[in-house]
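The next block holds one structure in the form of structure tokens; read it before the comments.
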Amino acid sequence: MQKTLTSSESVIGNLCHEIAVNSYRKQSLLISINTCNNHDLYLRQNRELEIINQRSQEILQLASSWKRNKSLDQLSIKFLIEITNRSLSKQINLEQLT
């Protein structure tokens with residue numbers, strides 16, 4: 001039996017994917033920032049990192065507001081909140097990577 005996705009499940013899935021992509025990009029930026037010698041590039045990478053963090057905060061706020069709506073899939077929302085929190089708190093040890 002094939003289950004069709006509701007639009008809320010599709011949106012939550014897309015946001016989970018966005019967080020995963022942003023988390024990978026954030027890790028890449030942190031490595032690049034640590035090794036960057038060009039001031040302009042350093043500033044651009046920091047701006048991009050700020051944008052990624054702001055977007056993650058927006059997604060977290062959305063997911064938190066959806067948590068109050070009991071008609072939505074709560075497990076998916078909790079998963080989205082968990083991976084978003086992990087992405088926001090993810091800190092890598094740059095010394096180990098260089």
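In the structure tokens, chains take letters A, B, ... by order of appearance, with residues numbered from 1 within each chain and ligands from 1 in the order shown.
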Go through segment 19-47 of chain A residue by residue and, counting only C-alpha atoms, keep those with an atom at most 12 Å from segment 69-83 of chain A; for each kept residue give the shortest atom pair and its distance in Å to one decimal, ordered by chain and increasing number, as a tab-separated table.
```
residue	atom	partner	partner_atom	distance
A:Ile19	CA	A:Ile83	CA	7.2
A:Ala20	CA	A:Ile83	CA	7.9
A:Val21	CA	A:Ile83	CA	11.4
A:Asn22	CA	A:Ile83	CA	11.0
A:Ser23	CA	A:Ile83	CA	9.2
```
Those same residues - C-alpha atoms - I'd like them written as an mmCIF file, in the first residue's frame.
```cif
data_model
loop_
_atom_site.group_PDB
_atom_site.id
_atom_site.type_symbol
_atom_site.label_atom_id
_atom_site.label_comp_id
_atom_site.auth_asym_id
_atom_site.auth_seq_id
_atom_site.Cartn_x
_atom_site.Cartn_y
_atom_site.Cartn_z
ATOM 1 C CA ILE A 19 18.861 21.800 7.221
ATOM 2 C CA ALA A 20 21.032 18.865 6.127
ATOM 3 C CA VAL A 21 22.418 20.808 3.161
ATOM 4 C CA ASN A 22 22.987 23.915 5.288
ATOM 5 C CA SER A 23 24.704 21.876 7.988
#
```
- Item | Selection: 9 Å around Ile59 of chain A, only C-alpha atoms, excl. self and same-chain fewer than 2 positions, as a list in words | Leu15, Ile19, Gln54, Arg55, Ser56, Gln57, Gln61, Leu62, Ala63, Ser64, Leu80, Ile81 and Thr84 of chain A
- Message: Using only C-alpha atoms, can you tell me which of A:Cys36, A:Leu43, A:Ile31, A:Cys16 comes closest to Arg86 of chain A?
- Response: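 Closest to Arg86 of chain A, using only C-alpha atoms: A:Cys16.
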- Message: Which residues are close to Ile33 of chain A, i.e. within 10 Å by only C-alpha atoms, leaving aside same-chain residues fewer than 5 positions away? Reply as a PyMOL selection string.
- Response: chain A and resi 27-28+38-39+41-46+49+94
- Atom-to-atom span, atom CA of Lys67 of chain A and atom CA of Ile12 of chain A, Å: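 Rounded to one decimal, the two atoms are 11.8 Å apart.
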- Find the distance between atom CA of Gly13 of chain A and atom CA of Leu29 of chain A and write it in Å to one decimal. 24.3 Å
- Item | Among the residues A:Arg47, A:Leu60, A:Ile52, A:Ser10, the one that comes closest to Arg25 of chain A [using only C-alpha atoms] |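 When distances to Arg25 of chain A are compared using only C-alpha atoms, the smallest one comes from A:Ile52.
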- Expressed in Å to a single decimal, how great is the separation between atom CA of Glu50 of chain A and atom CA of Asn37 of chain A?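 Atom CA of Asn37 of chain A lies 19.5 Å from atom CA of Glu50 of chain A.
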- Query: How would you write, as a PyMOL selection string, the set of residues in chain A that DSSP gives as helix (DSSP H, G or I)?
  - Reply: chain A and resi 7-35+39-66+74-89+94-97
